[in-house]
$ cat coords.txt   # compact mmCIF, N, CA and C atoms
# COMPACT_ATOMS: atom_id res chain seq x y z
N GLU A 847 227.99 113.48 -52.79
CA GLU A 847 227.29 112.59 -51.87
C GLU A 847 228.24 111.48 -51.43
N SER A 848 228.16 111.13 -50.18
CA SER A 848 228.87 109.96 -49.67
C SER A 848 227.84 108.86 -49.42
N PHE A 849 228.29 107.62 -49.58
CA PHE A 849 227.38 106.50 -49.37
C PHE A 849 228.17 105.24 -49.03
N GLY A 850 227.47 104.24 -48.55
CA GLY A 850 228.06 102.95 -48.27
C GLY A 850 227.65 101.96 -49.34
N PHE A 851 228.62 101.29 -49.96
CA PHE A 851 228.32 100.31 -51.01
C PHE A 851 227.39 99.21 -50.50
N LYS A 852 227.49 98.86 -49.23
CA LYS A 852 226.65 97.78 -48.73
C LYS A 852 225.17 98.17 -48.69
N TYR A 853 224.87 99.45 -48.90
CA TYR A 853 223.49 99.93 -48.96
C TYR A 853 223.05 100.24 -50.38
N GLY A 854 223.94 100.08 -51.33
CA GLY A 854 223.61 100.33 -52.73
C GLY A 854 224.12 101.66 -53.24
N ILE A 855 224.39 101.69 -54.54
CA ILE A 855 224.87 102.90 -55.22
C ILE A 855 223.70 103.85 -55.45
N PRO A 856 223.89 105.15 -55.22
CA PRO A 856 222.81 106.10 -55.50
C PRO A 856 222.35 106.00 -56.96
N LYS A 857 221.07 105.94 -57.15
CA LYS A 857 220.50 105.73 -58.49
C LYS A 857 220.75 106.90 -59.44
N ASP A 858 220.88 108.11 -58.92
CA ASP A 858 221.04 109.28 -59.78
C ASP A 858 222.50 109.70 -59.94
N ALA A 859 223.44 108.84 -59.59
CA ALA A 859 224.87 109.19 -59.63
C ALA A 859 225.36 109.35 -61.06
N ASP A 860 226.02 110.47 -61.33
CA ASP A 860 226.69 110.66 -62.61
C ASP A 860 228.11 110.10 -62.54
N PHE A 861 228.78 110.31 -61.41
CA PHE A 861 230.10 109.76 -61.16
C PHE A 861 230.06 108.99 -59.85
N VAL A 862 230.67 107.82 -59.84
CA VAL A 862 230.81 107.04 -58.61
C VAL A 862 232.29 106.70 -58.45
N PHE A 863 232.86 107.15 -57.34
CA PHE A 863 234.24 106.86 -57.01
C PHE A 863 234.27 105.89 -55.84
N ASP A 864 235.02 104.81 -56.02
CA ASP A 864 235.09 103.73 -55.04
C ASP A 864 236.33 103.90 -54.15
N ALA A 865 236.12 104.19 -52.87
CA ALA A 865 237.21 104.44 -51.94
C ALA A 865 237.53 103.23 -51.07
N ARG A 866 236.98 102.07 -51.38
CA ARG A 866 237.18 100.91 -50.52
C ARG A 866 238.62 100.41 -50.49
N PHE A 867 239.45 100.82 -51.43
CA PHE A 867 240.86 100.39 -51.43
C PHE A 867 241.71 101.15 -50.42
N LEU A 868 241.21 102.28 -49.94
CA LEU A 868 241.96 103.11 -48.99
C LEU A 868 241.93 102.49 -47.59
N PRO A 869 242.90 102.82 -46.75
CA PRO A 869 242.90 102.31 -45.37
C PRO A 869 241.56 102.62 -44.69
N ASN A 870 241.05 101.63 -43.95
CA ASN A 870 239.71 101.74 -43.37
C ASN A 870 239.77 102.02 -41.87
N PRO A 871 239.32 103.21 -41.43
CA PRO A 871 239.30 103.53 -40.00
C PRO A 871 238.37 102.62 -39.18
N HIS A 872 237.47 101.94 -39.85
CA HIS A 872 236.53 101.04 -39.17
C HIS A 872 237.27 100.01 -38.32
N TRP A 873 238.46 99.60 -38.73
CA TRP A 873 239.20 98.54 -38.05
C TRP A 873 240.07 99.06 -36.90
N ILE A 874 240.04 100.36 -36.65
CA ILE A 874 240.75 100.96 -35.53
C ILE A 874 239.71 101.24 -34.45
N PRO A 875 239.77 100.54 -33.31
CA PRO A 875 238.70 100.66 -32.30
C PRO A 875 238.34 102.10 -31.91
N ASP A 876 239.34 102.96 -31.72
CA ASP A 876 239.05 104.35 -31.33
C ASP A 876 238.39 105.16 -32.44
N LEU A 877 238.60 104.75 -33.71
CA LEU A 877 238.05 105.49 -34.85
C LEU A 877 236.71 104.96 -35.32
N LYS A 878 236.44 103.71 -35.01
CA LYS A 878 235.22 103.06 -35.52
C LYS A 878 233.94 103.86 -35.27
N PRO A 879 233.72 104.42 -34.08
CA PRO A 879 232.46 105.15 -33.86
C PRO A 879 232.43 106.55 -34.47
N LEU A 880 233.57 107.02 -34.96
CA LEU A 880 233.67 108.37 -35.51
C LEU A 880 233.29 108.39 -36.99
N THR A 881 233.38 109.55 -37.61
CA THR A 881 233.07 109.69 -39.03
C THR A 881 234.19 110.44 -39.73
N GLY A 882 234.08 110.55 -41.03
CA GLY A 882 235.04 111.30 -41.83
C GLY A 882 235.01 112.79 -41.57
N LEU A 883 234.14 113.25 -40.69
CA LEU A 883 234.08 114.65 -40.29
C LEU A 883 234.95 114.91 -39.07
N ASP A 884 235.36 113.84 -38.38
CA ASP A 884 236.11 113.96 -37.13
C ASP A 884 237.62 114.01 -37.37
N GLU A 885 238.29 114.89 -36.63
CA GLU A 885 239.72 115.12 -36.82
C GLU A 885 240.58 113.86 -36.69
N PRO A 886 240.33 112.97 -35.74
CA PRO A 886 241.16 111.76 -35.68
C PRO A 886 241.05 110.90 -36.94
N VAL A 887 239.88 110.83 -37.53
CA VAL A 887 239.69 110.06 -38.77
C VAL A 887 240.39 110.77 -39.92
N ILE A 888 240.27 112.07 -39.98
CA ILE A 888 240.93 112.86 -41.02
C ILE A 888 242.44 112.64 -40.96
N ARG A 889 243.02 112.72 -39.76
CA ARG A 889 244.46 112.49 -39.60
C ARG A 889 244.84 111.09 -40.06
N PHE A 890 244.05 110.09 -39.68
CA PHE A 890 244.32 108.71 -40.08
C PHE A 890 244.31 108.58 -41.60
N LEU A 891 243.31 109.16 -42.25
CA LEU A 891 243.20 109.04 -43.71
C LEU A 891 244.31 109.77 -44.44
N GLU A 892 244.76 110.87 -43.89
CA GLU A 892 245.79 111.67 -44.55
C GLU A 892 247.21 111.22 -44.21
N GLU A 893 247.35 110.42 -43.17
CA GLU A 893 248.67 110.07 -42.63
C GLU A 893 249.64 109.49 -43.66
N ASP A 894 249.21 108.51 -44.44
CA ASP A 894 250.16 107.88 -45.38
C ASP A 894 250.14 108.54 -46.76
N GLY A 895 249.25 109.49 -46.95
CA GLY A 895 249.21 110.24 -48.21
C GLY A 895 248.52 109.54 -49.36
N GLU A 896 248.09 108.31 -49.18
CA GLU A 896 247.48 107.53 -50.25
C GLU A 896 246.18 108.16 -50.77
N ILE A 897 245.50 108.88 -49.92
CA ILE A 897 244.21 109.45 -50.30
C ILE A 897 244.36 110.64 -51.25
N PHE A 898 245.50 111.33 -51.21
CA PHE A 898 245.66 112.56 -52.00
C PHE A 898 245.70 112.33 -53.51
N PRO A 899 246.45 111.35 -54.02
CA PRO A 899 246.42 111.13 -55.48
C PRO A 899 245.02 110.73 -55.97
N PHE A 900 244.30 109.97 -55.15
CA PHE A 900 242.93 109.58 -55.50
C PHE A 900 242.03 110.81 -55.58
N LEU A 901 242.12 111.66 -54.58
CA LEU A 901 241.32 112.88 -54.56
C LEU A 901 241.69 113.80 -55.71
N ASP A 902 242.97 113.92 -56.01
CA ASP A 902 243.42 114.76 -57.13
C ASP A 902 242.88 114.24 -58.47
N ALA A 903 242.91 112.93 -58.65
CA ALA A 903 242.40 112.34 -59.90
C ALA A 903 240.90 112.56 -60.02
N ALA A 904 240.18 112.37 -58.94
CA ALA A 904 238.73 112.60 -58.96
C ALA A 904 238.44 114.07 -59.27
N TYR A 905 239.18 114.97 -58.63
CA TYR A 905 238.98 116.39 -58.88
C TYR A 905 239.22 116.74 -60.35
N SER A 906 240.28 116.22 -60.92
CA SER A 906 240.59 116.52 -62.33
C SER A 906 239.46 116.09 -63.25
N LEU A 907 238.96 114.90 -63.03
CA LEU A 907 237.87 114.39 -63.86
C LEU A 907 236.59 115.22 -63.67
N VAL A 908 236.25 115.49 -62.43
CA VAL A 908 235.04 116.26 -62.14
C VAL A 908 235.16 117.69 -62.64
N ASP A 909 236.31 118.31 -62.42
CA ASP A 909 236.51 119.69 -62.86
C ASP A 909 236.29 119.83 -64.37
N ALA A 910 236.89 118.95 -65.13
CA ALA A 910 236.70 118.98 -66.58
C ALA A 910 235.24 118.74 -66.95
N SER A 911 234.58 117.87 -66.24
CA SER A 911 233.18 117.56 -66.54
C SER A 911 232.25 118.71 -66.17
N VAL A 912 232.52 119.36 -65.05
CA VAL A 912 231.67 120.49 -64.63
C VAL A 912 231.67 121.55 -65.72
N LYS A 913 232.84 121.86 -66.24
CA LYS A 913 232.93 122.88 -67.29
C LYS A 913 232.11 122.49 -68.52
N ARG A 914 232.22 121.26 -68.93
CA ARG A 914 231.46 120.78 -70.11
C ARG A 914 229.97 120.73 -69.82
N TYR A 915 229.59 120.28 -68.65
CA TYR A 915 228.17 120.23 -68.29
C TYR A 915 227.58 121.64 -68.35
N MET A 916 228.30 122.62 -67.81
CA MET A 916 227.80 123.99 -67.81
C MET A 916 227.70 124.54 -69.23
N GLU A 917 228.70 124.26 -70.06
CA GLU A 917 228.67 124.71 -71.45
C GLU A 917 227.46 124.14 -72.19
N ARG A 918 227.07 122.95 -71.84
CA ARG A 918 225.95 122.29 -72.51
C ARG A 918 224.60 122.61 -71.87
N GLY A 919 224.60 123.43 -70.82
CA GLY A 919 223.35 123.87 -70.22
C GLY A 919 222.78 122.96 -69.15
N PHE A 920 223.54 121.97 -68.72
CA PHE A 920 223.05 121.11 -67.64
C PHE A 920 223.11 121.88 -66.32
N SER A 921 222.19 121.56 -65.41
CA SER A 921 222.17 122.26 -64.13
C SER A 921 222.55 121.38 -62.95
N ASN A 922 222.64 120.07 -63.15
CA ASN A 922 222.97 119.16 -62.05
C ASN A 922 224.02 118.15 -62.47
N LEU A 923 224.91 117.84 -61.54
CA LEU A 923 225.91 116.81 -61.73
C LEU A 923 226.08 116.13 -60.37
N SER A 924 225.80 114.85 -60.31
CA SER A 924 225.87 114.11 -59.05
C SER A 924 227.19 113.34 -58.97
N ILE A 925 227.99 113.69 -57.96
CA ILE A 925 229.30 113.08 -57.75
C ILE A 925 229.23 112.34 -56.43
N CYS A 926 229.48 111.03 -56.48
CA CYS A 926 229.31 110.20 -55.28
C CYS A 926 230.59 109.45 -54.95
N PHE A 927 230.91 109.45 -53.67
CA PHE A 927 232.03 108.67 -53.16
C PHE A 927 231.46 107.57 -52.29
N GLY A 928 231.90 106.35 -52.56
CA GLY A 928 231.43 105.23 -51.76
C GLY A 928 232.57 104.53 -51.05
N CYS A 929 232.28 104.04 -49.88
CA CYS A 929 233.17 103.14 -49.16
C CYS A 929 232.27 102.03 -48.61
N THR A 930 232.78 101.18 -47.80
CA THR A 930 232.00 100.03 -47.36
C THR A 930 230.72 100.45 -46.63
N GLY A 931 230.87 101.25 -45.57
CA GLY A 931 229.72 101.61 -44.75
C GLY A 931 229.22 103.03 -44.91
N GLY A 932 229.97 103.87 -45.61
CA GLY A 932 229.54 105.25 -45.83
C GLY A 932 229.72 106.16 -44.63
N GLN A 933 230.68 105.84 -43.78
CA GLN A 933 230.86 106.60 -42.55
C GLN A 933 232.19 107.35 -42.48
N HIS A 934 233.23 106.78 -43.03
CA HIS A 934 234.56 107.37 -42.86
C HIS A 934 235.14 107.92 -44.16
N ARG A 935 235.65 107.02 -45.01
CA ARG A 935 236.40 107.42 -46.21
C ARG A 935 235.55 108.23 -47.18
N SER A 936 234.35 107.76 -47.46
CA SER A 936 233.50 108.47 -48.44
C SER A 936 233.07 109.84 -47.92
N VAL A 937 232.82 109.94 -46.63
CA VAL A 937 232.44 111.22 -46.03
C VAL A 937 233.59 112.22 -46.16
N TYR A 938 234.78 111.78 -45.79
CA TYR A 938 235.96 112.63 -45.91
C TYR A 938 236.13 113.13 -47.35
N LEU A 939 236.07 112.21 -48.31
CA LEU A 939 236.29 112.56 -49.72
C LEU A 939 235.23 113.51 -50.25
N ALA A 940 233.97 113.27 -49.93
CA ALA A 940 232.89 114.15 -50.39
C ALA A 940 233.07 115.55 -49.81
N GLU A 941 233.44 115.61 -48.54
CA GLU A 941 233.68 116.91 -47.90
C GLU A 941 234.81 117.65 -48.61
N ARG A 942 235.92 116.97 -48.82
CA ARG A 942 237.09 117.60 -49.45
C ARG A 942 236.77 118.06 -50.87
N LEU A 943 236.13 117.21 -51.66
CA LEU A 943 235.82 117.59 -53.03
C LEU A 943 234.86 118.77 -53.07
N SER A 944 233.89 118.79 -52.18
CA SER A 944 232.90 119.88 -52.20
C SER A 944 233.55 121.24 -51.98
N ARG A 945 234.65 121.27 -51.23
CA ARG A 945 235.33 122.54 -50.95
C ARG A 945 236.18 123.02 -52.11
N THR A 946 236.39 122.19 -53.12
CA THR A 946 237.23 122.59 -54.25
C THR A 946 236.43 123.34 -55.32
N PHE A 947 235.14 123.47 -55.12
CA PHE A 947 234.29 124.19 -56.08
C PHE A 947 233.59 125.35 -55.37
N PRO A 948 234.36 126.34 -54.90
CA PRO A 948 233.76 127.42 -54.12
C PRO A 948 232.82 128.32 -54.90
N ASN A 949 232.95 128.35 -56.22
CA ASN A 949 232.09 129.24 -57.02
C ASN A 949 230.85 128.54 -57.56
N GLU A 950 230.70 127.29 -57.23
CA GLU A 950 229.54 126.53 -57.69
C GLU A 950 228.60 126.28 -56.52
N GLN A 951 227.33 126.11 -56.81
CA GLN A 951 226.39 125.73 -55.77
C GLN A 951 226.52 124.23 -55.54
N VAL A 952 226.94 123.87 -54.33
CA VAL A 952 227.17 122.48 -54.01
C VAL A 952 226.21 122.05 -52.91
N LEU A 953 225.50 120.98 -53.16
CA LEU A 953 224.64 120.37 -52.15
C LEU A 953 225.35 119.11 -51.70
N LEU A 954 225.77 119.08 -50.46
CA LEU A 954 226.54 117.96 -49.92
C LEU A 954 225.63 117.09 -49.07
N ARG A 955 225.64 115.80 -49.36
CA ARG A 955 224.78 114.87 -48.63
C ARG A 955 225.61 113.66 -48.21
N HIS A 956 225.44 113.25 -46.96
CA HIS A 956 226.08 112.04 -46.45
C HIS A 956 224.96 111.05 -46.15
N ARG A 957 224.73 110.18 -47.09
CA ARG A 957 223.56 109.29 -47.06
C ARG A 957 223.51 108.40 -45.81
N GLN A 958 224.64 107.93 -45.31
CA GLN A 958 224.62 106.99 -44.20
C GLN A 958 224.78 107.65 -42.83
N LEU A 959 225.00 108.95 -42.79
CA LEU A 959 225.11 109.62 -41.48
C LEU A 959 223.75 110.14 -41.05
N PRO A 960 223.49 110.10 -39.74
CA PRO A 960 222.24 110.69 -39.25
C PRO A 960 222.22 112.19 -39.57
N PRO A 961 221.03 112.75 -39.80
CA PRO A 961 220.94 114.18 -40.16
C PRO A 961 221.65 115.11 -39.16
N THR A 962 221.74 114.73 -37.91
CA THR A 962 222.41 115.59 -36.93
C THR A 962 223.92 115.61 -37.13
N GLN A 963 224.48 114.59 -37.78
CA GLN A 963 225.92 114.55 -38.03
C GLN A 963 226.28 115.11 -39.40
N ALA A 964 225.43 114.95 -40.37
CA ALA A 964 225.76 115.27 -41.76
C ALA A 964 225.80 116.74 -42.03
$ encode --input "coords.txt" --output "structure tokens"
Amino acid sequence: ESFGFKYGIPKDADFVFDARFLPNPHWIPDLKPLTGLDEPVIRFLEEDGEIFPFLDAAYSLVDASVKRYMERGFSNLSICFGCTGGQHRSVYLAERLSRTFPNEQVLLRHRQLPPTQA
């Protein structure tokens, strides 16, 4: 799930990753109206490479946890990425992480995007 910290942390979150330290597309006029689903925002976020070590670390932690959760019989694990408004960085990260678990049932939700965009 992606969300905006200014709207509150999801109550059912098992993991919350804070992406507010990453470069913010909100401050680039051409990127501000877009989302983390749009190619110009994706290019901006990936450009300096800062996002990749963060995503790798989140993946490592979640991957290890998914295995343990499954061994213990749990059926749900909520992984949430937050940024300031829930439109750019958190959306990108949630999308990327969801694709790293192709053999698992993943329900992806972008809390701050309208249903037509999410």
$ atom_distance --input "coords.txt" --atom1 "atom C of Phe898 (chain A)" --atom2 "atom C of Leu939 (chain A)"
11.0 Å
$ closest_residue --input "coords.txt" --among "A:Met916, A:Leu901, A:Ile888, A:Leu923" --to "Leu943 (chain A)" --atoms "only N, CA and C atoms"
A:Leu901
$ closest_residue --input "coords.txt" --among "A:Phe947, A:Phe849, A:Phe927, A:Tyr938" --to "Phe863 (chain A)" --atoms "only N, CA and C atoms"
A:Phe927
$ closest_residue --input "coords.txt" --among "A:Ser911, A:Thr962, A:Asn922, A:Thr930" --to "Asp864 (chain A)" --atoms "only N, CA and C atoms"
A:Thr930
$ atom_distance --input "coords.txt" --atom1 "CA of Asn870 (chain A)" --atom2 "CA of Leu959 (chain A)"
16.7 Å
$ atom_distance --input "coords.txt" --atom1 "CA of His872 (chain A)" --atom2 "CA of Arg889 (chain A)"
13.9 Å
$ closest_residue --input "coords.txt" --among "A:Phe861, A:Phe851, A:Glu892, A:Leu877" --to "Val912 (chain A)" --atoms "only C-alpha atoms"
A:Phe861
$ residues_around --input "coords.txt" --residues "region 952-958 of chain A" --least-positions-apart "4" --cutoff "6.5 Å" --atoms "only N, CA and C atoms" --output "list of chain:residue names"
A:Glu847, A:Ser848, A:Phe849, A:Gly850, A:Gly931, A:Gly932, A:Gln933, A:Val937, A:Ala964
$ select_by_dssp --input "coords.txt" --residues "chain A" --states "alpha helix (DSSP H)" --output "PyMOL selection string"
chain A and resi 885-893+897-917+935-944
$ build_atoms --input "coords.txt" --residues "region 941-952 of chain A" --atoms "all heavy atoms" --output "short mmCIF file (atom, residue, chain, number, x, y, z; two decimals), in the coordinates of the input"
data_model
loop_
_atom_site.label_atom_id
_atom_site.label_comp_id
_atom_site.auth_asym_id
_atom_site.auth_seq_id
_atom_site.Cartn_x
_atom_site.Cartn_y
_atom_site.Cartn_z
N GLU A 941 233.44 115.61 -48.54
CA GLU A 941 233.68 116.91 -47.90
C GLU A 941 234.81 117.65 -48.61
O GLU A 941 234.68 118.83 -48.93
CB GLU A 941 234.03 116.72 -46.42
CG GLU A 941 232.87 116.33 -45.55
CD GLU A 941 231.94 117.49 -45.23
OE1 GLU A 941 232.38 118.66 -45.21
OE2 GLU A 941 230.75 117.21 -45.00
N ARG A 942 235.92 116.97 -48.82
CA ARG A 942 237.09 117.60 -49.45
C ARG A 942 236.77 118.06 -50.87
O ARG A 942 237.13 119.17 -51.26
CB ARG A 942 238.27 116.63 -49.47
CG ARG A 942 238.96 116.42 -48.15
CD ARG A 942 239.72 117.65 -47.67
NE ARG A 942 240.70 118.13 -48.62
CZ ARG A 942 241.98 117.81 -48.63
NH1 ARG A 942 242.47 117.02 -47.70
NH2 ARG A 942 242.79 118.29 -49.55
N LEU A 943 236.13 117.21 -51.66
CA LEU A 943 235.82 117.59 -53.03
C LEU A 943 234.86 118.77 -53.07
O LEU A 943 235.01 119.68 -53.89
CB LEU A 943 235.25 116.41 -53.83
CG LEU A 943 235.08 116.72 -55.31
CD1 LEU A 943 236.44 116.81 -56.00
CD2 LEU A 943 234.23 115.68 -55.99
N SER A 944 233.89 118.79 -52.18
CA SER A 944 232.90 119.88 -52.20
C SER A 944 233.55 121.24 -51.98
O SER A 944 233.10 122.24 -52.52
CB SER A 944 231.81 119.64 -51.16
OG SER A 944 232.29 119.87 -49.85
N ARG A 945 234.65 121.27 -51.23
CA ARG A 945 235.33 122.54 -50.95
C ARG A 945 236.18 123.02 -52.11
O ARG A 945 236.64 124.16 -52.11
CB ARG A 945 236.22 122.38 -49.72
CG ARG A 945 235.41 122.29 -48.45
CD ARG A 945 236.31 122.33 -47.23
NE ARG A 945 235.91 121.23 -46.37
CZ ARG A 945 236.72 120.36 -45.81
NH1 ARG A 945 238.02 120.45 -45.97
NH2 ARG A 945 236.26 119.40 -45.05
N THR A 946 236.39 122.19 -53.12
CA THR A 946 237.23 122.59 -54.25
C THR A 946 236.43 123.34 -55.32
O THR A 946 237.01 123.80 -56.29
CB THR A 946 237.92 121.38 -54.90
OG1 THR A 946 236.94 120.49 -55.40
CG2 THR A 946 238.81 120.66 -53.90
N PHE A 947 235.14 123.47 -55.12
CA PHE A 947 234.29 124.19 -56.08
C PHE A 947 233.59 125.35 -55.37
O PHE A 947 232.36 125.38 -55.27
CB PHE A 947 233.26 123.24 -56.71
CG PHE A 947 233.89 122.18 -57.56
CD1 PHE A 947 234.14 120.92 -57.07
CD2 PHE A 947 234.28 122.48 -58.86
CE1 PHE A 947 234.73 119.95 -57.85
CE2 PHE A 947 234.89 121.51 -59.66
CZ PHE A 947 235.12 120.24 -59.14
N PRO A 948 234.36 126.34 -54.90
CA PRO A 948 233.76 127.42 -54.12
C PRO A 948 232.82 128.32 -54.90
O PRO A 948 231.97 128.99 -54.32
CB PRO A 948 234.98 128.21 -53.61
CG PRO A 948 236.04 127.93 -54.62
CD PRO A 948 235.79 126.53 -55.11
N ASN A 949 232.95 128.35 -56.22
CA ASN A 949 232.09 129.24 -57.02
C ASN A 949 230.85 128.54 -57.56
O ASN A 949 230.06 129.15 -58.27
CB ASN A 949 232.90 129.81 -58.19
CG ASN A 949 234.05 130.64 -57.70
OD1 ASN A 949 233.94 131.37 -56.72
ND2 ASN A 949 235.19 130.52 -58.35
N GLU A 950 230.70 127.29 -57.23
CA GLU A 950 229.54 126.53 -57.69
C GLU A 950 228.60 126.28 -56.52
O GLU A 950 229.01 126.25 -55.37
CB GLU A 950 229.97 125.17 -58.27
CG GLU A 950 231.06 125.25 -59.30
CD GLU A 950 230.70 126.09 -60.51
OE1 GLU A 950 229.52 126.13 -60.89
OE2 GLU A 950 231.61 126.73 -61.07
N GLN A 951 227.33 126.11 -56.81
CA GLN A 951 226.39 125.73 -55.77
C GLN A 951 226.52 124.23 -55.54
O GLN A 951 226.29 123.42 -56.44
CB GLN A 951 224.96 126.07 -56.19
CG GLN A 951 223.96 125.76 -55.10
CD GLN A 951 222.56 126.14 -55.51
OE1 GLN A 951 222.33 126.72 -56.54
NE2 GLN A 951 221.61 125.79 -54.68
N VAL A 952 226.94 123.87 -54.33
CA VAL A 952 227.17 122.48 -54.01
C VAL A 952 226.21 122.05 -52.91
O VAL A 952 226.12 122.69 -51.87
CB VAL A 952 228.63 122.25 -53.52
CG1 VAL A 952 228.84 120.81 -53.07
CG2 VAL A 952 229.61 122.62 -54.63
#
